Amino acid sequence: MQSFSLASIPEIVFGNGRLSDLPGRMTSLAGKNQPVMVVADPAMTSLGITAKLAALLAAAGHESKLYDGFSGEPKSDDVDRAASLAREVKAKAVIGLGGGTALDTAKLVAACTVSGRPAEAYQFCETPLPADPLTLIAVPTTAGTGAEVTRTAIFTNAGHQKVWAWGDELKPRLALLDPELTVGVPPAVTAATGLDALVHAIEASTNRNRSDANDLYCHRAISLISGALEQAVKAPRDLAARGSLLLGSCYAGIGIDNAGTALAHNISHAMAELAPVPHGRATGLAMLATIEWVRDGNPEAFAKVAGAMASAADVAAAYESLVRRSGIKINLSGDGLDLAHPHRLAERMASPAHAPMRRNTVREISDNDLLSLAERVYALG
C-alpha cells in the first residue's frame, strides 16, 4: 500500500446563507468584542456584501475595519497597507472575503500585522513566519483558487515578480463556503476561475507528488467542477451549480496543498510576468495547450481524471470540450503578449521562481521542451 502524508484541513462550513454564522464563529475564535480587519474584494463592496458583513459583526460586538483598495492579483504594497490599518485598530482577527486576491492578501495581513515586517520579507520563505498570526477566516466568493484551505499565498513584489510565501501559519482557521455569495460572479470570470480549480485538481492528482489518499479530494473536485461549470456559466443564479463549483474548488485546494501544482501553473505564473492575463484563464489555457503532452508521463493517472469527468473520451479531448463549452476566450491575441516571440515565455518558465512546478510535472521537461511548450500555448485558437 502506498505511503502518504496529508496536511491538516481547516474547519469547513458549507451551505447557502452561512455568512450569517460568521459573527458567532468570530467570537468563539477571537474572543468577545474584538476588533476585526476585513480584507475584501472591491466587488463585495459594490454588491453591498461588505456592508452586510460589517452590520452582522457589529451586532455581535465586533468593530470592523475594511481594506478593499486592491485591483488585479495580490501585491505586496496592498498587504503592507492593510496590515498597517489592522495595527492601527488593534485587530485580533482577519477576514478574507472575495476571490484569490482577497484571500491571499488576508493571509499575509494576518502574519504581517503581528510581525511588523513587510510582505516581501516572506517571499520564497526568506524569513520565518510569525508563530502566532492573527486569527484568520476565509470566505471565498469565487470558485477558483481554493486558497481558503491552503498554506500558500501568491503575490507580486515591488519588482513585478510573481512570488509566493508558504507555511502552516498562513492557513485559515475556518473556511466558510456560502454559494449565495458567488451568484454575482460574471460568466467569463466563472469560467476562468472554474477552470483554474479544475486544473488544480488535475495537476494534484497526476504530478510527481500525487497519492491515492489525496486523489479522493482531487477526483471528487474534478467530478463536481466538470459537472457544474457549463451550467453555472449559463445560469449564474443556479445555487446547486454554484455550490458544486465552490465545494469542488475547496477540495481542489486541499489537493494542491498536499501535492502542489505542475506545468500549467508554471506557464501561467510565467505569463503573468509578461502581461496581465488573468490567472484562472491563463492556467486553463496552459492546461489546454499541454495536457496531451503531459499525459504521456502518466497515462494511468490521466485516465482516472477522464473517469472523474464522466468521460469515455481521451482526457485531452474531454478537457478541451469543457473549455470550449465554458465560452472562455481561447486565443491570446489582444492580451498584451508578444505572440511572435514565444522564447520570452520559455525564458520565464525556466526561472528558478517557477522551478518547483516544473519539477512536479510528471513528465520530464528539458530546456528544449520549454520553447515547444510555449509555442503550443501561443498557437491556441
# chains A, B, ... in the order shown; residues from 1 in each chain; ligands from 1

call {"tool": "closest_atom_pairs", "arguments": {"of": "range 240-340 of chain A", "to": "range 180-191 of chain A", "cutoff": "12 Å", "atoms": "only C-alpha atoms", "output": "CSV"}}
result
residue,atom,partner,partner_atom,distance
A:Ala240,CA,A:Glu180,CA,10.0
A:Ala241,CA,A:Val183,CA,9.9
A:Arg242,CA,A:Thr182,CA,6.8
A:Gly243,CA,A:Glu180,CA,8.3
A:Ser244,CA,A:Thr182,CA,11.3
A:Leu245,CA,A:Thr190,CA,9.1
A:Leu246,CA,A:Thr182,CA,8.2
A:Leu247,CA,A:Thr182,CA,11.7
A:Ser249,CA,A:Thr190,CA,11.7
A:Pro278,CA,A:Val189,CA,9.2
A:His279,CA,A:Val189,CA,10.5
A:Gly280,CA,A:Val189,CA,8.2
A:Arg281,CA,A:Ala191,CA,8.0
A:Ala282,CA,A:Ala191,CA,11.7
A:Thr283,CA,A:Ala191,CA,11.6
A:Gly284,CA,A:Ala191,CA,9.2
A:Leu285,CA,A:Ala191,CA,11.4
A:Leu322,CA,A:Ala191,CA,9.9
A:Val323,CA,A:Ala191,CA,8.2
A:Arg324,CA,A:Ala191,CA,10.0
A:Arg325,CA,A:Ala191,CA,9.4
A:Ser326,CA,A:Ala191,CA,5.7
A:Gly327,CA,A:Ala191,CA,7.3
A:Ile328,CA,A:Ala188,CA,6.2
A:Lys329,CA,A:Ala188,CA,8.4
A:Ile330,CA,A:Ala191,CA,11.6

call {"tool": "write_last_selection", "arguments": {"atoms": "N, CA and C atoms", "output": "PDB file, in the first residue's frame"}}
result
ATOM      1  N   ALA A 240     -27.376  25.245  -6.984  1.00  0.00           N
ATOM      2  CA  ALA A 240     -26.822  23.891  -6.960  1.00  0.00           C
ATOM      3  C   ALA A 240     -25.509  23.855  -7.739  1.00  0.00           C
ATOM      4  N   ALA A 241     -25.502  24.475  -8.929  1.00  0.00           N
ATOM      5  CA  ALA A 241     -24.280  24.521  -9.729  1.00  0.00           C
ATOM      6  C   ALA A 241     -23.212  25.354  -9.033  1.00  0.00           C
ATOM      7  N   ARG A 242     -23.618  26.490  -8.476  1.00  0.00           N
ATOM      8  CA  ARG A 242     -22.665  27.330  -7.755  1.00  0.00           C
ATOM      9  C   ARG A 242     -22.067  26.583  -6.564  1.00  0.00           C
ATOM     10  N   GLY A 243     -22.894  25.843  -5.863  1.00  0.00           N
ATOM     11  CA  GLY A 243     -22.400  25.078  -4.718  1.00  0.00           C
ATOM     12  C   GLY A 243     -21.417  24.006  -5.122  1.00  0.00           C
ATOM     13  N   SER A 244     -21.688  23.334  -6.243  1.00  0.00           N
ATOM     14  CA  SER A 244     -20.767  22.298  -6.721  1.00  0.00           C
ATOM     15  C   SER A 244     -19.413  22.896  -7.081  1.00  0.00           C
ATOM     16  N   LEU A 245     -19.432  24.061  -7.733  1.00  0.00           N
ATOM     17  CA  LEU A 245     -18.164  24.714  -8.077  1.00  0.00           C
ATOM     18  C   LEU A 245     -17.402  25.128  -6.823  1.00  0.00           C
ATOM     19  N   LEU A 246     -18.115  25.705  -5.854  1.00  0.00           N
ATOM     20  CA  LEU A 246     -17.456  26.200  -4.656  1.00  0.00           C
ATOM     21  C   LEU A 246     -16.859  25.064  -3.834  1.00  0.00           C
ATOM     22  N   LEU A 247     -17.604  23.989  -3.673  1.00  0.00           N
ATOM     23  CA  LEU A 247     -17.094  22.854  -2.919  1.00  0.00           C
ATOM     24  C   LEU A 247     -15.981  22.149  -3.692  1.00  0.00           C
ATOM     25  N   SER A 249     -13.913  23.560  -5.770  1.00  0.00           N
ATOM     26  CA  SER A 249     -12.733  24.402  -5.660  1.00  0.00           C
ATOM     27  C   SER A 249     -12.040  24.188  -4.319  1.00  0.00           C
ATOM     28  N   PRO A 278      -5.444  37.290 -16.769  1.00  0.00           N
ATOM     29  CA  PRO A 278      -5.992  36.777 -15.506  1.00  0.00           C
ATOM     30  C   PRO A 278      -5.531  35.356 -15.240  1.00  0.00           C
ATOM     31  N   HIS A 279      -5.178  35.096 -13.982  1.00  0.00           N
ATOM     32  CA  HIS A 279      -4.552  33.822 -13.635  1.00  0.00           C
ATOM     33  C   HIS A 279      -5.398  32.609 -14.025  1.00  0.00           C
ATOM     34  N   GLY A 280      -6.690  32.647 -13.717  1.00  0.00           N
ATOM     35  CA  GLY A 280      -7.523  31.482 -13.998  1.00  0.00           C
ATOM     36  C   GLY A 280      -7.572  31.152 -15.474  1.00  0.00           C
ATOM     37  N   ARG A 281      -7.756  32.173 -16.281  1.00  0.00           N
ATOM     38  CA  ARG A 281      -7.792  31.942 -17.733  1.00  0.00           C
ATOM     39  C   ARG A 281      -6.436  31.461 -18.244  1.00  0.00           C
ATOM     40  N   ALA A 282      -5.360  32.080 -17.776  1.00  0.00           N
ATOM     41  CA  ALA A 282      -4.020  31.673 -18.210  1.00  0.00           C
ATOM     42  C   ALA A 282      -3.749  30.215 -17.855  1.00  0.00           C
ATOM     43  N   THR A 283      -4.147  29.816 -16.665  1.00  0.00           N
ATOM     44  CA  THR A 283      -3.919  28.432 -16.227  1.00  0.00           C
ATOM     45  C   THR A 283      -4.758  27.453 -17.028  1.00  0.00           C
ATOM     46  N   GLY A 284      -6.037  27.795 -17.224  1.00  0.00           N
ATOM     47  CA  GLY A 284      -6.901  26.915 -18.008  1.00  0.00           C
ATOM     48  C   GLY A 284      -6.402  26.729 -19.420  1.00  0.00           C
ATOM     49  N   LEU A 285      -5.917  27.800 -20.043  1.00  0.00           N
ATOM     50  CA  LEU A 285      -5.409  27.706 -21.413  1.00  0.00           C
ATOM     51  C   LEU A 285      -4.078  26.982 -21.464  1.00  0.00           C
ATOM     52  N   LEU A 322     -14.807  20.697 -22.494  1.00  0.00           N
ATOM     53  CA  LEU A 322     -15.307  21.503 -21.388  1.00  0.00           C
ATOM     54  C   LEU A 322     -14.841  22.955 -21.512  1.00  0.00           C
ATOM     55  N   VAL A 323     -13.579  23.157 -21.881  1.00  0.00           N
ATOM     56  CA  VAL A 323     -13.061  24.517 -22.033  1.00  0.00           C
ATOM     57  C   VAL A 323     -13.872  25.271 -23.083  1.00  0.00           C
ATOM     58  N   ARG A 324     -14.133  24.648 -24.203  1.00  0.00           N
ATOM     59  CA  ARG A 324     -14.853  25.338 -25.278  1.00  0.00           C
ATOM     60  C   ARG A 324     -16.310  25.569 -24.893  1.00  0.00           C
ATOM     61  N   ARG A 325     -16.918  24.642 -24.173  1.00  0.00           N
ATOM     62  CA  ARG A 325     -18.299  24.841 -23.736  1.00  0.00           C
ATOM     63  C   ARG A 325     -18.417  25.918 -22.659  1.00  0.00           C
ATOM     64  N   SER A 326     -17.312  26.200 -21.984  1.00  0.00           N
ATOM     65  CA  SER A 326     -17.346  27.241 -20.949  1.00  0.00           C
ATOM     66  C   SER A 326     -17.452  28.635 -21.553  1.00  0.00           C
ATOM     67  N   GLY A 327     -17.120  28.761 -22.836  1.00  0.00           N
ATOM     68  CA  GLY A 327     -17.190  30.049 -23.509  1.00  0.00           C
ATOM     69  C   GLY A 327     -16.003  30.954 -23.271  1.00  0.00           C
ATOM     70  N   ILE A 328     -14.969  30.447 -22.637  1.00  0.00           N
ATOM     71  CA  ILE A 328     -13.802  31.278 -22.348  1.00  0.00           C
ATOM     72  C   ILE A 328     -13.074  31.663 -23.635  1.00  0.00           C
ATOM     73  N   LYS A 329     -12.522  32.866 -23.678  1.00  0.00           N
ATOM     74  CA  LYS A 329     -11.729  33.300 -24.831  1.00  0.00           C
ATOM     75  C   LYS A 329     -10.430  32.493 -24.864  1.00  0.00           C
ATOM     76  N   ILE A 330     -10.183  31.833 -25.978  1.00  0.00           N
ATOM     77  CA  ILE A 330      -9.050  30.916 -26.065  1.00  0.00           C
ATOM     78  C   ILE A 330      -7.836  31.559 -26.718  1.00  0.00           C
TER      79      ILE A 330
END

call {"tool": "closest_atom_pairs", "arguments": {"of": "range 343-368 of chain A", "to": "range 333-339 of chain A", "cutoff": "10 Å", "atoms": "only C-alpha atoms", "output": "tab-separated table"}}
result
residue	atom	partner	partner_atom	distance
A:His343	CA	A:Leu339	CA	9.5
A:Arg344	CA	A:Asp338	CA	8.4
A:Leu345	CA	A:Leu337	CA	9.0

call {"tool": "residues_around", "arguments": {"residues": "Leu170 in chain A", "least_positions_apart": "2", "cutoff": "12 Å", "atoms": "only C-alpha atoms", "output": "MDAnalysis selection string"}}
result
chainID A and resid 10 94 103:112 122 125 128:138 147:154 164:168 172:174 257

call {"tool": "select_by_dssp", "arguments": {"residues": "range 169-330 of chain A", "states": "strand (DSSP E)", "output": "list of chain:residue names"}}
result
A:Leu174, A:Ala175, A:Leu176, A:Leu177

call {"tool": "closest_residue", "arguments": {"among": "A:Ala60, A:Ile365, A:Val13, A:Met44", "to": "Asp178 in chain A", "atoms": "only C-alpha atoms"}}
result
A:Val13

call {"tool": "atom_distance", "arguments": {"atom1": "CA of Ile12 in chain A", "atom2": "CA of Asp212 in chain A"}}
result
22.1 Å

call {"tool": "atom_distance", "arguments": {"atom1": "CA of Leu56 in chain A", "atom2": "CA of Gly69 in chain A"}}
result
21.8 Å

call {"tool": "residues_around", "arguments": {"residues": "range 23-36 of chain A", "least_positions_apart": "3", "cutoff": "10 Å", "atoms": "only C-alpha atoms", "output": "JSON, numbers by chain"}}
result
{"A": [19, 20, 39, 53, 54, 55, 56, 57, 58, 59, 60, 61, 62, 63, 64, 65, 66, 86, 89, 90, 91, 92, 93, 94, 95, 134, 135, 136, 137, 173, 174, 176]}

call {"tool": "decode", "arguments": {"residues": "range 215-237 of chain A", "atoms": "N, CA and C atoms", "output": "PDB file, in the first residue's frame"}}
result
ATOM      1  N   ASP A 215      -5.943  11.797  -3.924  1.00  0.00           N
ATOM      2  CA  ASP A 215      -6.814  11.661  -5.097  1.00  0.00           C
ATOM      3  C   ASP A 215      -8.290  11.645  -4.726  1.00  0.00           C
ATOM      4  N   LEU A 216      -8.613  11.231  -3.495  1.00  0.00           N
ATOM      5  CA  LEU A 216     -10.015  11.226  -3.074  1.00  0.00           C
ATOM      6  C   LEU A 216     -10.602  12.628  -3.173  1.00  0.00           C
ATOM      7  N   TYR A 217      -9.835  13.621  -2.747  1.00  0.00           N
ATOM      8  CA  TYR A 217     -10.285  15.005  -2.847  1.00  0.00           C
ATOM      9  C   TYR A 217     -10.239  15.483  -4.297  1.00  0.00           C
ATOM     10  N   CYS A 218      -9.138  15.155  -4.988  1.00  0.00           N
ATOM     11  CA  CYS A 218      -8.960  15.662  -6.353  1.00  0.00           C
ATOM     12  C   CYS A 218     -10.015  15.126  -7.305  1.00  0.00           C
ATOM     13  N   HIS A 219     -10.259  13.833  -7.259  1.00  0.00           N
ATOM     14  CA  HIS A 219     -11.217  13.247  -8.198  1.00  0.00           C
ATOM     15  C   HIS A 219     -12.641  13.720  -7.904  1.00  0.00           C
ATOM     16  N   ARG A 220     -12.961  13.922  -6.629  1.00  0.00           N
ATOM     17  CA  ARG A 220     -14.290  14.464  -6.310  1.00  0.00           C
ATOM     18  C   ARG A 220     -14.391  15.898  -6.814  1.00  0.00           C
ATOM     19  N   ALA A 221     -13.309  16.656  -6.671  1.00  0.00           N
ATOM     20  CA  ALA A 221     -13.310  18.025  -7.185  1.00  0.00           C
ATOM     21  C   ALA A 221     -13.512  18.043  -8.696  1.00  0.00           C
ATOM     22  N   ILE A 222     -12.819  17.173  -9.405  1.00  0.00           N
ATOM     23  CA  ILE A 222     -12.946  17.091 -10.861  1.00  0.00           C
ATOM     24  C   ILE A 222     -14.381  16.764 -11.250  1.00  0.00           C
ATOM     25  N   SER A 223     -14.987  15.838 -10.541  1.00  0.00           N
ATOM     26  CA  SER A 223     -16.368  15.453 -10.825  1.00  0.00           C
ATOM     27  C   SER A 223     -17.330  16.624 -10.593  1.00  0.00           C
ATOM     28  N   LEU A 224     -17.177  17.297  -9.462  1.00  0.00           N
ATOM     29  CA  LEU A 224     -18.074  18.408  -9.141  1.00  0.00           C
ATOM     30  C   LEU A 224     -17.925  19.556 -10.134  1.00  0.00           C
ATOM     31  N   ILE A 225     -16.701  19.932 -10.432  1.00  0.00           N
ATOM     32  CA  ILE A 225     -16.461  21.099 -11.289  1.00  0.00           C
ATOM     33  C   ILE A 225     -16.851  20.811 -12.732  1.00  0.00           C
ATOM     34  N   SER A 226     -16.413  19.684 -13.261  1.00  0.00           N
ATOM     35  CA  SER A 226     -16.713  19.387 -14.668  1.00  0.00           C
ATOM     36  C   SER A 226     -18.208  19.190 -14.884  1.00  0.00           C
ATOM     37  N   GLY A 227     -18.922  18.743 -13.845  1.00  0.00           N
ATOM     38  CA  GLY A 227     -20.353  18.531 -13.975  1.00  0.00           C
ATOM     39  C   GLY A 227     -21.184  19.793 -13.826  1.00  0.00           C
ATOM     40  N   ALA A 228     -20.589  20.869 -13.283  1.00  0.00           N
ATOM     41  CA  ALA A 228     -21.376  22.069 -12.975  1.00  0.00           C
ATOM     42  C   ALA A 228     -20.931  23.317 -13.707  1.00  0.00           C
ATOM     43  N   LEU A 229     -19.724  23.323 -14.282  1.00  0.00           N
ATOM     44  CA  LEU A 229     -19.169  24.573 -14.816  1.00  0.00           C
ATOM     45  C   LEU A 229     -20.046  25.169 -15.915  1.00  0.00           C
ATOM     46  N   GLU A 230     -20.423  24.378 -16.895  1.00  0.00           N
ATOM     47  CA  GLU A 230     -21.217  24.911 -18.002  1.00  0.00           C
ATOM     48  C   GLU A 230     -22.541  25.477 -17.508  1.00  0.00           C
ATOM     49  N   GLN A 231     -23.185  24.790 -16.590  1.00  0.00           N
ATOM     50  CA  GLN A 231     -24.471  25.262 -16.059  1.00  0.00           C
ATOM     51  C   GLN A 231     -24.306  26.557 -15.273  1.00  0.00           C
ATOM     52  N   ALA A 232     -23.241  26.666 -14.475  1.00  0.00           N
ATOM     53  CA  ALA A 232     -23.024  27.884 -13.694  1.00  0.00           C
ATOM     54  C   ALA A 232     -22.751  29.080 -14.593  1.00  0.00           C
ATOM     55  N   VAL A 233     -22.091  28.852 -15.716  1.00  0.00           N
ATOM     56  CA  VAL A 233     -21.845  29.933 -16.669  1.00  0.00           C
ATOM     57  C   VAL A 233     -23.152  30.378 -17.314  1.00  0.00           C
ATOM     58  N   LYS A 234     -23.977  29.414 -17.698  1.00  0.00           N
ATOM     59  CA  LYS A 234     -25.216  29.731 -18.412  1.00  0.00           C
ATOM     60  C   LYS A 234     -26.335  30.213 -17.490  1.00  0.00           C
ATOM     61  N   ALA A 235     -26.352  29.711 -16.255  1.00  0.00           N
ATOM     62  CA  ALA A 235     -27.422  30.066 -15.303  1.00  0.00           C
ATOM     63  C   ALA A 235     -26.780  30.496 -13.991  1.00  0.00           C
ATOM     64  N   PRO A 236     -26.280  31.730 -13.922  1.00  0.00           N
ATOM     65  CA  PRO A 236     -25.487  32.175 -12.760  1.00  0.00           C
ATOM     66  C   PRO A 236     -26.173  32.049 -11.411  1.00  0.00           C
ATOM     67  N   ARG A 237     -27.505  32.047 -11.384  1.00  0.00           N
ATOM     68  CA  ARG A 237     -28.207  32.001 -10.109  1.00  0.00           C
ATOM     69  C   ARG A 237     -28.607  30.578  -9.712  1.00  0.00           C
TER      70      ARG A 237
END
